[in-house]
Amino acid sequence: MSCFNSENLLAVALVINRSRDGPAFVFHYPASASSTNPRPGSASGSGSGSSDPVEVDDLLLERLSLPVGHDHSAGEQHAFRSSHDSRHHLSGSGSHPVPWESVAGFPTRDLAGILTPARSYHKRLFELSLDPMYCVSYPIHVPQNGRWKKPKKAAKSKEPRSTDEQVPKTDGSSKPTEASSSKEKDDQPKKDDVDEEKRSSMTMFNLVFLLNPRKNEAKAMIESLYDNVFKKVNKAYQYSQQHSDFIWKESKRILAVKDKAREEQRNMDDLWAEILQHSSLAASIQEIYEAISSNKIATLNLDTAAGLVSPSVQIPVPFFVSDLPAQDDKEQRGLWLTTANTFVNPDALEEPGFLDRNFALLLMEDEKKIIAELQADRHASILPLIEFVRLSKPTLSFYQVGQSNNILTLSQVRKYAQHFIFWRRAIAIPPLHARDTYIVSPNCDLSRLPQDSQDWQRAFSIAPPLPNFLAELSAAPRAYKTHCPSKPYRPLWLEMLAWLLARGWVIQLCTFAYVVVWPEIVYEVTYEIEAEELGSSADNPPTDGSDTLLEPGEVHDVQTPSVAEHAAEMARLQRIAQRAHRAAADKATAHTRKAPPVATAHPSINDAPHLAGIVPHIIYDAKRATGKESRYLSAIARRFADDKQRSAWHIMCKYFDGHSALERIALQEDMKRKEVWTLLTAMSEHLLCVRHW
């Protein structure tokens with residue numbers, strides 16, 4: 001996943017459209033946004049789900065193509081050149097271009113025009129390329145009835161108020177007092193004014209991200225924004241607009257402050273500081289930019305008339321990699337190396353409880369520190385979270401945590417786990433177990449070894465030095481419990497393991513399997529199929545074809561065959577029947593001469609002469625086996641000593657796909673690990689195993 005920074009995320013801006021005054025570029029952050037070598041005039045765009053280009057405002061192309069000295073654009077061209085200058089300059093036409101009316105080298109008036117897409121892009125991905133800059137957004141249009149506020153229910157059949165209509169004060173009764181009624185009458189805007197306000201009200205808002213990505217990163221960055229930021233932020237913005245007219249009121253206030261600052265020729269830095277201080281909408285845009293560009297969580301605080309709205313959004317940072325990154329990829333160095341999250345079979349995700357049984361929570365910070373922070377809140381709703389932190393251990397799956405207490409339900413466990421993962425205080429891992437094997441990660445960040453060695457010694461004073469412990473883990477990979485001095489120390493050694501995994505020092509070495517069909521079984525199944533075919537042929541012997549000939553007097557489609565033609569046809573069909581009969585006889589003779597299949601104790605070493613030339617067959621996904629492969633699996637099952645092993649074979653076959661770690665079978669089937677490995681050992685001759693992270 002591509003990371004955002006101040007180089008590829010140029011700015012975040014808010015554009016609105018008004019029914020009378022048209023588009024307006026409300027606010028952008030940072031103030032001095034600029035792009036690298038912009039080449040205006042190559043505007044193009046597309047929307048999610050459509051291949052048709054966006055209808056780009058010709059005004060942009062027209063104005064930017066005019067010579068610098070042209071009267072119509074002299075002020076704007078000057079603003080283009082001084083986009084980083086917070087001072088005011090007087091243009092040749094006598095107007096006062098201001099630095100905030102140019103963003104990334106483009107006049108905001110023109111940007112506002114092209115960043116107000118039609119209603120067909122409502123709640124859809126909108127992309128616009130101003131080479132090399134990308135403008136991407138998720139436009140929100142006013143509902144079809146022309147009102148942002150939803151109509152009240154029939155029980156309260158009052159017409160919704162205008163967005164700026166004053167609400168009369170009351171003395172607590174259902175009717176206004178005389179004084180308030182009089183004041184209401186005096187202060188109530190005239191009908192013409194209300195209608196005028198309606199005509200100039202907002203019909204759309206568009207939170208736009210101005211990007212300058214590398215060509216190979218553009219698609220991934222846009223998808224990340226769309227999935228993780230656009231929908232959530234705009235949902236909060238739309239909610240605030242519908243319940244308290246928040247976006248429109250804040251936009252009007254910001255635009256008024258900017259107009260006043262133009263007349264007063266104020267410094268842009270001072271103006272932006274004032275806007276950010278007094279407008280929670282502008283502050284939210286600042287928070288989005290600063291958090292996303294530094295790969296942090298953006299927490300917005302929209303101070304609306306209906307109350308505080310505080311959504312949080314982020315571009316999730318990767319906490320694992322499934323394959324070794326390139327040597328020069330410093331961003332992914334030190335991340336947990338695993339295929340546990342990428343090798344999950346899509347079908348498995350549909351199985352109830354799959355994730356709950358296969359994953360546990362690993363806190364990325366000290367448990368006591370997190371609990372202390374939660375206790376400082378002193379809110380009743382925090383108590384279940386504290387209990388969850390105490391109960392959740394990296395050795396227990398979510399399912400096991402839910403089953404081990406009478407306080408939290410499995411649904412709550414899952415919900416709280418998602419909470420800590422979202423806030424980057426924890427990650428989901430396969431539960432740690434002393435019987436599993438762990439080795440030093442090939443992706444570990446050795447530059448952190450000096451500092452982590454000190455932290456390790458402070459956290460685990462009786463443990464061996466970190467370099468020594470890591471060397472021991474990889475010297476000869478074996479069950480982790482064998483590294484522990486004795487059983488009483490095992491809980492502490494598992495805490496040490498969790499510490500190492502959280503910092504990317506170790507990985508789990510897992511076992512994956514495919515079914516291997518040895519020549520003995522291939523021969524047996526082939527022999528059985530051949531015998532069945534011969535038996536079927538004996539039951540249905542070939543005919544001489546006489547039953548298909550026309551009887552005398554029977555009418556053919558064209559004409560009745562002559563006697564000579566009839567005789568020739570009879571002879572031809574007899575020859576065909578004789579050849580088929582001889583072939584069946586030869587096949588039956590060859591089959592009887594074959595050595596009957598014999599099931600040996602160890603098919604893998606059966607080197608009988610009749611098996612020469614037959615190569616072993618690999619079943620790459622036993623769960624999806626059909627036809628001959630299905631018969632191979634049944635033939636293998638018949639070779640097991642008892643019913644328990646035969647039954648286990650049919651259950652466990654679904655894990656023999658090279659993607660399911662055998663270490664997880666006990667979790668998914670709710671079996672004892674020792675029992676699982678005993679059964680797998682009995683099946684080992686029929687499994688081709690590989691080991692990796």
# chains A, B, ... in the order shown; residues from 1 in each chain; ligands from 1
call {"tool": "residues_around", "arguments": {"residues": "segment 415-429 of chain A", "least_positions_apart": "3", "cutoff": "7 Å", "atoms": "only C-alpha atoms", "output": "mmCIF file with N, CA, C and O atoms, in the first residue's frame"}}
result
data_model
loop_
_atom_site.group_PDB
_atom_site.id
_atom_site.type_symbol
_atom_site.label_atom_id
_atom_site.label_comp_id
_atom_site.auth_asym_id
_atom_site.auth_seq_id
_atom_site.Cartn_x
_atom_site.Cartn_y
_atom_site.Cartn_z
ATOM 1 N N PHE A 359 -7.721 -16.306 14.979
ATOM 2 C CA PHE A 359 -6.936 -15.114 15.290
ATOM 3 C C PHE A 359 -7.094 -14.702 16.743
ATOM 4 O O PHE A 359 -8.141 -14.897 17.356
ATOM 5 N N ALA A 360 -6.016 -14.122 17.249
ATOM 6 C CA ALA A 360 -5.974 -13.588 18.608
ATOM 7 C C ALA A 360 -5.518 -12.134 18.532
ATOM 8 O O ALA A 360 -5.091 -11.658 17.474
ATOM 9 N N LEU A 361 -5.590 -11.436 19.661
ATOM 10 C CA LEU A 361 -5.205 -10.024 19.699
ATOM 11 C C LEU A 361 -3.836 -9.884 20.349
ATOM 12 O O LEU A 361 -3.603 -10.398 21.447
ATOM 13 N N LEU A 362 -2.953 -9.195 19.664
ATOM 14 C CA LEU A 362 -1.629 -8.895 20.210
ATOM 15 C C LEU A 362 -1.520 -7.392 20.416
ATOM 16 O O LEU A 362 -1.516 -6.619 19.453
ATOM 17 N N LEU A 363 -1.475 -6.967 21.673
ATOM 18 C CA LEU A 363 -1.336 -5.546 21.986
ATOM 19 C C LEU A 363 0.056 -5.068 21.590
ATOM 20 O O LEU A 363 1.054 -5.754 21.834
ATOM 21 N N MET A 364 0.103 -3.885 20.981
ATOM 22 C CA MET A 364 1.391 -3.340 20.551
ATOM 23 C C MET A 364 2.041 -2.486 21.632
ATOM 24 O O MET A 364 3.145 -1.977 21.460
ATOM 25 N N GLU A 365 1.337 -2.307 22.750
ATOM 26 C CA GLU A 365 1.876 -1.558 23.884
ATOM 27 C C GLU A 365 1.648 -2.365 25.152
ATOM 28 O O GLU A 365 0.909 -3.353 25.161
ATOM 29 N N LEU A 385 -14.267 -2.375 28.059
ATOM 30 C CA LEU A 385 -12.995 -2.330 27.333
ATOM 31 C C LEU A 385 -11.843 -2.757 28.226
ATOM 32 O O LEU A 385 -10.938 -3.492 27.802
ATOM 33 N N SER A 411 -19.595 -11.414 20.386
ATOM 34 C CA SER A 411 -19.826 -10.218 19.576
ATOM 35 C C SER A 411 -19.081 -9.016 20.147
ATOM 36 O O SER A 411 -18.490 -8.233 19.403
ATOM 37 N N GLN A 412 -19.088 -8.875 21.471
ATOM 38 C CA GLN A 412 -18.351 -7.776 22.103
ATOM 39 C C GLN A 412 -16.851 -7.952 21.927
ATOM 40 O O GLN A 412 -16.130 -6.986 21.685
#
call {"tool": "select_by_dssp", "arguments": {"residues": "segment 295-332 of chain A", "states": "strand (DSSP E or B)", "output": "list in words"}}
result
Ala298, Thr299, Leu302, Asp303, Thr304, Gly307, Leu308, Val309, Ser312, Val313, Phe320 and Val321 of chain A
call {"tool": "residues_around", "arguments": {"residues": "Arg109 of chain A", "least_positions_apart": "4", "cutoff": "8 Å", "atoms": "only C-alpha atoms", "output": "ChimeraX atom specification"}}
result
/A:23-25,101,113
call {"tool": "select_by_dssp", "arguments": {"residues": "segment 450-615 of chain A", "states": "alpha helix (DSSP H)", "output": "PyMOL selection string"}}
result
chain A and resi 450-459+466-475+490-502+519-539+563-593
call {"tool": "residues_around", "arguments": {"residues": "Ala112 of chain A", "least_positions_apart": "4", "cutoff": "9 Å", "atoms": "only C-alpha atoms", "output": "PyMOL selection string"}}
result
chain A and resi 15-17+23-26+107-108+116
call {"tool": "write_last_selection", "arguments": {"atoms": "all heavy atoms", "output": "CSV table (one decimal), in the first residue's frame"}}
result
chain,number,residue,atom,x,y,z
A,15,VAL,N,-15.0,22.5,-2.0
A,15,VAL,CA,-15.6,23.2,-3.0
A,15,VAL,C,-17.1,23.0,-2.8
A,15,VAL,O,-17.6,21.9,-2.5
A,15,VAL,CB,-15.2,22.8,-4.4
A,15,VAL,CG1,-15.9,23.5,-5.5
A,15,VAL,CG2,-13.7,23.0,-4.6
A,16,ILE,N,-17.9,24.1,-3.0
A,16,ILE,CA,-19.3,24.0,-2.9
A,16,ILE,C,-19.9,24.6,-4.2
A,16,ILE,O,-19.3,25.3,-4.9
A,16,ILE,CB,-19.9,24.7,-1.7
A,16,ILE,CG1,-19.7,26.3,-1.8
A,16,ILE,CG2,-19.4,24.2,-0.4
A,16,ILE,CD1,-20.4,27.1,-0.7
A,17,ASN,N,-21.2,24.3,-4.4
A,17,ASN,CA,-21.9,24.8,-5.6
A,17,ASN,C,-23.2,25.5,-5.0
A,17,ASN,O,-23.8,24.9,-4.1
A,17,ASN,CB,-22.2,23.8,-6.6
A,17,ASN,CG,-22.6,24.4,-8.0
A,17,ASN,OD1,-22.4,25.6,-8.1
A,17,ASN,ND2,-23.1,23.6,-8.9
A,23,PRO,N,-20.3,27.9,-8.4
A,23,PRO,CA,-19.3,27.2,-7.6
A,23,PRO,C,-18.5,28.2,-6.8
A,23,PRO,O,-18.3,29.4,-7.1
A,23,PRO,CB,-18.4,26.6,-8.7
A,23,PRO,CG,-19.2,26.5,-9.9
A,23,PRO,CD,-20.1,27.7,-9.8
A,24,ALA,N,-17.9,27.7,-5.7
A,24,ALA,CA,-17.1,28.5,-4.8
A,24,ALA,C,-16.0,27.6,-4.2
A,24,ALA,O,-16.3,26.5,-3.7
A,24,ALA,CB,-17.9,29.2,-3.7
A,25,PHE,N,-14.8,28.1,-4.2
A,25,PHE,CA,-13.7,27.4,-3.6
A,25,PHE,C,-13.6,27.9,-2.2
A,25,PHE,O,-13.1,29.0,-1.9
A,25,PHE,CB,-12.4,27.7,-4.4
A,25,PHE,CG,-11.3,26.7,-4.2
A,25,PHE,CD1,-11.2,25.6,-5.1
A,25,PHE,CD2,-10.4,26.7,-3.2
A,25,PHE,CE1,-10.1,24.7,-5.0
A,25,PHE,CE2,-9.4,25.8,-3.0
A,25,PHE,CZ,-9.3,24.7,-3.9
A,26,VAL,N,-14.1,27.1,-1.2
A,26,VAL,CA,-14.2,27.6,0.1
A,26,VAL,C,-12.9,27.7,0.9
A,26,VAL,O,-12.5,28.7,1.4
A,26,VAL,CB,-15.2,26.7,0.9
A,26,VAL,CG1,-15.4,27.1,2.3
A,26,VAL,CG2,-16.6,26.6,0.2
A,107,PRO,N,-5.8,28.9,-10.8
A,107,PRO,CA,-6.8,29.8,-10.2
A,107,PRO,C,-7.9,29.1,-9.5
A,107,PRO,O,-8.5,28.1,-10.1
A,107,PRO,CB,-7.3,30.7,-11.3
A,107,PRO,CG,-6.2,30.5,-12.4
A,107,PRO,CD,-5.7,29.1,-12.2
A,108,THR,N,-8.3,29.4,-8.3
A,108,THR,CA,-9.3,28.7,-7.6
A,108,THR,C,-10.7,28.9,-8.2
A,108,THR,O,-11.5,28.0,-8.1
A,108,THR,CB,-9.4,29.3,-6.1
A,108,THR,OG1,-9.6,30.7,-6.1
A,108,THR,CG2,-8.2,29.0,-5.4
A,116,THR,N,-17.0,20.8,-9.6
A,116,THR,CA,-18.4,20.7,-9.2
A,116,THR,C,-19.1,19.8,-10.3
A,116,THR,O,-19.8,20.3,-11.1
A,116,THR,CB,-19.1,22.1,-9.2
A,116,THR,OG1,-18.8,22.8,-10.5
A,116,THR,CG2,-18.6,22.9,-8.1
call {"tool": "closest_residue", "arguments": {"among": "A:Ser660, A:Gln578, A:Gln277, A:Thr437", "to": "Ile254 of chain A", "atoms": "only C-alpha atoms"}}
result
A:Gln277
call {"tool": "closest_residue", "arguments": {"among": "A:Ala11, A:Ala380, A:Cys484, A:Leu391", "to": "Glu367 of chain A", "atoms": "only C-alpha atoms"}}
result
A:Leu391
call {"tool": "residues_around", "arguments": {"residues": "Ala595 of chain A", "least_positions_apart": "6", "cutoff": "12 Å", "atoms": "only C-alpha atoms", "output": "ChimeraX atom specification"}}
result
/A:520,523-524,527,608-611
call {"tool": "atom_distance", "arguments": {"atom1": "atom CA of Asn358 of chain A", "atom2": "atom CA of Ala479 of chain A"}}
result
19.4 Å
call {"tool": "residues_around", "arguments": {"residues": "Leu667 of chain A", "least_positions_apart": "4", "cutoff": "9 Å", "atoms": "only C-alpha atoms", "output": "PyMOL selection string"}}
result
chain A and resi 357-358+397+663+671-673
call {"tool": "atom_distance", "arguments": {"atom1": "atom CA of Ala622 of chain A", "atom2": "atom CA of Ser634 of chain A"}}
result
11.2 Å
call {"tool": "residues_around", "arguments": {"residues": "Asp657 of chain A", "least_positions_apart": "5", "cutoff": "9 Å", "atoms": "only C-alpha atoms", "output": "list in words"}}
result
Phe512, Ala513, Tyr514, Val515, Ile619, Tyr620, Asp621, Ala622 and Lys623 of chain A
call {"tool": "closest_residue", "arguments": {"among": "A:Ala298, A:Ala564, A:Ala33, A:Ala588", "to": "Gly105 of chain A", "atoms": "only C-alpha atoms"}}
result
A:Ala33
call {"tool": "closest_residue", "arguments": {"among": "A:His659, A:His591, A:Arg458, A:Val136", "to": "Lys219 of chain A", "atoms": "only C-alpha atoms"}}
result
A:Val136
call {"tool": "decode", "arguments": {"residues": "segment 570-618 of chain A", "atoms": "N, CA and C atoms", "output": "tab-separated table (two decimals), in the first residue's frame"}}
result
chain	number	residue	atom	x	y	z
A	570	MET	N	-25.64	-53.24	-44.46
A	570	MET	CA	-25.57	-54.32	-43.48
A	570	MET	C	-24.13	-54.80	-43.30
A	571	ALA	N	-23.42	-54.92	-44.38
A	571	ALA	CA	-22.03	-55.38	-44.32
A	571	ALA	C	-21.16	-54.37	-43.57
A	572	ARG	N	-21.40	-53.09	-43.82
A	572	ARG	CA	-20.60	-52.03	-43.15
A	572	ARG	C	-20.81	-52.05	-41.64
A	573	LEU	N	-22.05	-52.17	-41.23
A	573	LEU	CA	-22.35	-52.17	-39.81
A	573	LEU	C	-21.81	-53.42	-39.12
A	574	GLN	N	-21.81	-54.53	-39.82
A	574	GLN	CA	-21.26	-55.75	-39.24
A	574	GLN	C	-19.75	-55.62	-39.02
A	575	ARG	N	-19.07	-54.99	-39.98
A	575	ARG	CA	-17.62	-54.79	-39.82
A	575	ARG	C	-17.33	-53.91	-38.60
A	576	ILE	N	-18.12	-52.86	-38.45
A	576	ILE	CA	-17.92	-51.97	-37.29
A	576	ILE	C	-18.14	-52.73	-35.99
A	577	ALA	N	-19.19	-53.54	-35.93
A	577	ALA	CA	-19.50	-54.30	-34.72
A	577	ALA	C	-18.40	-55.31	-34.41
A	578	GLN	N	-17.87	-55.94	-35.43
A	578	GLN	CA	-16.80	-56.92	-35.23
A	578	GLN	C	-15.54	-56.26	-34.69
A	579	ARG	N	-15.22	-55.08	-35.25
A	579	ARG	CA	-14.03	-54.37	-34.76
A	579	ARG	C	-14.21	-53.98	-33.29
A	580	ALA	N	-15.40	-53.50	-32.94
A	580	ALA	CA	-15.66	-53.12	-31.56
A	580	ALA	C	-15.59	-54.33	-30.63
A	581	HIS	N	-16.10	-55.45	-31.10
A	581	HIS	CA	-16.07	-56.66	-30.29
A	581	HIS	C	-14.63	-57.13	-30.07
A	582	ARG	N	-13.83	-57.10	-31.15
A	582	ARG	CA	-12.42	-57.51	-31.00
A	582	ARG	C	-11.68	-56.57	-30.05
A	583	ALA	N	-11.97	-55.25	-30.16
A	583	ALA	CA	-11.29	-54.29	-29.28
A	583	ALA	C	-11.66	-54.54	-27.83
A	584	ALA	N	-12.93	-54.80	-27.57
A	584	ALA	CA	-13.37	-55.08	-26.21
A	584	ALA	C	-12.74	-56.36	-25.69
A	585	ALA	N	-12.64	-57.34	-26.56
A	585	ALA	CA	-12.03	-58.61	-26.16
A	585	ALA	C	-10.56	-58.43	-25.86
A	586	ASP	N	-9.86	-57.67	-26.71
A	586	ASP	CA	-8.43	-57.41	-26.48
A	586	ASP	C	-8.22	-56.66	-25.18
A	587	LYS	N	-9.12	-55.69	-24.92
A	587	LYS	CA	-9.00	-54.89	-23.70
A	587	LYS	C	-9.24	-55.76	-22.48
A	588	ALA	N	-10.22	-56.64	-22.57
A	588	ALA	CA	-10.50	-57.54	-21.45
A	588	ALA	C	-9.34	-58.50	-21.22
A	589	THR	N	-8.76	-58.97	-22.32
A	589	THR	CA	-7.61	-59.89	-22.19
A	589	THR	C	-6.43	-59.19	-21.55
A	590	ALA	N	-6.17	-57.95	-22.01
A	590	ALA	CA	-5.06	-57.19	-21.43
A	590	ALA	C	-5.30	-56.93	-19.95
A	591	HIS	N	-6.56	-56.66	-19.61
A	591	HIS	CA	-6.87	-56.37	-18.20
A	591	HIS	C	-6.64	-57.59	-17.33
A	592	THR	N	-7.03	-58.78	-17.84
A	592	THR	CA	-6.85	-60.01	-17.04
A	592	THR	C	-5.38	-60.35	-16.87
A	593	ARG	N	-4.55	-59.90	-17.81
A	593	ARG	CA	-3.12	-60.18	-17.71
A	593	ARG	C	-2.40	-59.24	-16.73
A	594	LYS	N	-3.09	-58.13	-16.36
A	594	LYS	CA	-2.47	-57.18	-15.44
A	594	LYS	C	-2.45	-57.74	-14.03
A	595	ALA	N	-1.43	-57.32	-13.30
A	595	ALA	CA	-1.34	-57.74	-11.90
A	595	ALA	C	-2.42	-57.05	-11.10
A	596	PRO	N	-3.21	-57.78	-10.34
A	596	PRO	CA	-4.23	-57.15	-9.51
A	596	PRO	C	-3.57	-56.20	-8.50
A	597	PRO	N	-4.22	-55.06	-8.19
A	597	PRO	CA	-3.62	-54.11	-7.23
A	597	PRO	C	-3.58	-54.71	-5.83
A	598	VAL	N	-2.51	-54.44	-5.15
A	598	VAL	CA	-2.32	-54.92	-3.78
A	598	VAL	C	-1.99	-53.72	-2.90
A	599	ALA	N	-2.74	-53.52	-1.84
A	599	ALA	CA	-2.48	-52.41	-0.91
A	599	ALA	C	-1.37	-52.80	0.05
A	600	THR	N	-0.26	-52.09	-0.02
A	600	THR	CA	0.87	-52.38	0.87
A	600	THR	C	0.86	-51.43	2.06
A	601	ALA	N	1.67	-51.75	3.03
A	601	ALA	CA	1.73	-50.92	4.24
A	601	ALA	C	2.32	-49.55	3.95
A	602	HIS	N	3.22	-49.49	2.95
A	602	HIS	CA	3.89	-48.22	2.64
A	602	HIS	C	3.90	-48.00	1.13
A	603	PRO	N	2.85	-47.40	0.61
A	603	PRO	CA	2.77	-47.20	-0.85
A	603	PRO	C	3.93	-46.37	-1.41
A	604	SER	N	4.51	-45.54	-0.60
A	604	SER	CA	5.57	-44.66	-1.11
A	604	SER	C	6.82	-45.41	-1.53
A	605	ILE	N	7.00	-46.62	-1.00
A	605	ILE	CA	8.22	-47.37	-1.34
A	605	ILE	C	7.91	-48.64	-2.13
A	606	ASN	N	6.69	-48.74	-2.61
A	606	ASN	CA	6.31	-49.91	-3.41
A	606	ASN	C	6.93	-49.79	-4.80
A	607	ASP	N	7.86	-50.68	-5.10
A	607	ASP	CA	8.55	-50.63	-6.39
A	607	ASP	C	8.27	-51.86	-7.24
A	608	ALA	N	7.04	-52.34	-7.13
A	608	ALA	CA	6.65	-53.52	-7.91
A	608	ALA	C	6.80	-53.25	-9.40
A	609	PRO	N	7.15	-54.29	-10.20
A	609	PRO	CA	7.39	-54.10	-11.64
A	609	PRO	C	6.21	-53.48	-12.38
A	610	HIS	N	4.97	-53.82	-11.97
A	610	HIS	CA	3.83	-53.30	-12.71
A	610	HIS	C	3.61	-51.80	-12.48
A	611	LEU	N	4.34	-51.21	-11.53
A	611	LEU	CA	4.21	-49.76	-11.25
A	611	LEU	C	5.27	-48.93	-11.98
A	612	ALA	N	6.15	-49.63	-12.69
A	612	ALA	CA	7.22	-48.90	-13.39
A	612	ALA	C	6.62	-47.95	-14.42
A	613	GLY	N	7.11	-46.75	-14.44
A	613	GLY	CA	6.66	-45.76	-15.42
A	613	GLY	C	5.52	-44.89	-14.93
A	614	ILE	N	4.92	-45.26	-13.82
A	614	ILE	CA	3.83	-44.44	-13.26
A	614	ILE	C	4.43	-43.42	-12.30
A	615	VAL	N	4.13	-42.17	-12.51
A	615	VAL	CA	4.69	-41.11	-11.66
A	615	VAL	C	3.67	-40.73	-10.60
A	616	PRO	N	4.14	-40.29	-9.42
A	616	PRO	CA	3.20	-39.84	-8.38
A	616	PRO	C	2.38	-38.65	-8.87
A	617	HIS	N	1.17	-38.56	-8.35
A	617	HIS	CA	0.27	-37.46	-8.72
A	617	HIS	C	0.05	-36.55	-7.51
A	618	ILE	N	0.11	-35.24	-7.73
A	618	ILE	CA	-0.10	-34.28	-6.65
A	618	ILE	C	-1.50	-33.68	-6.78
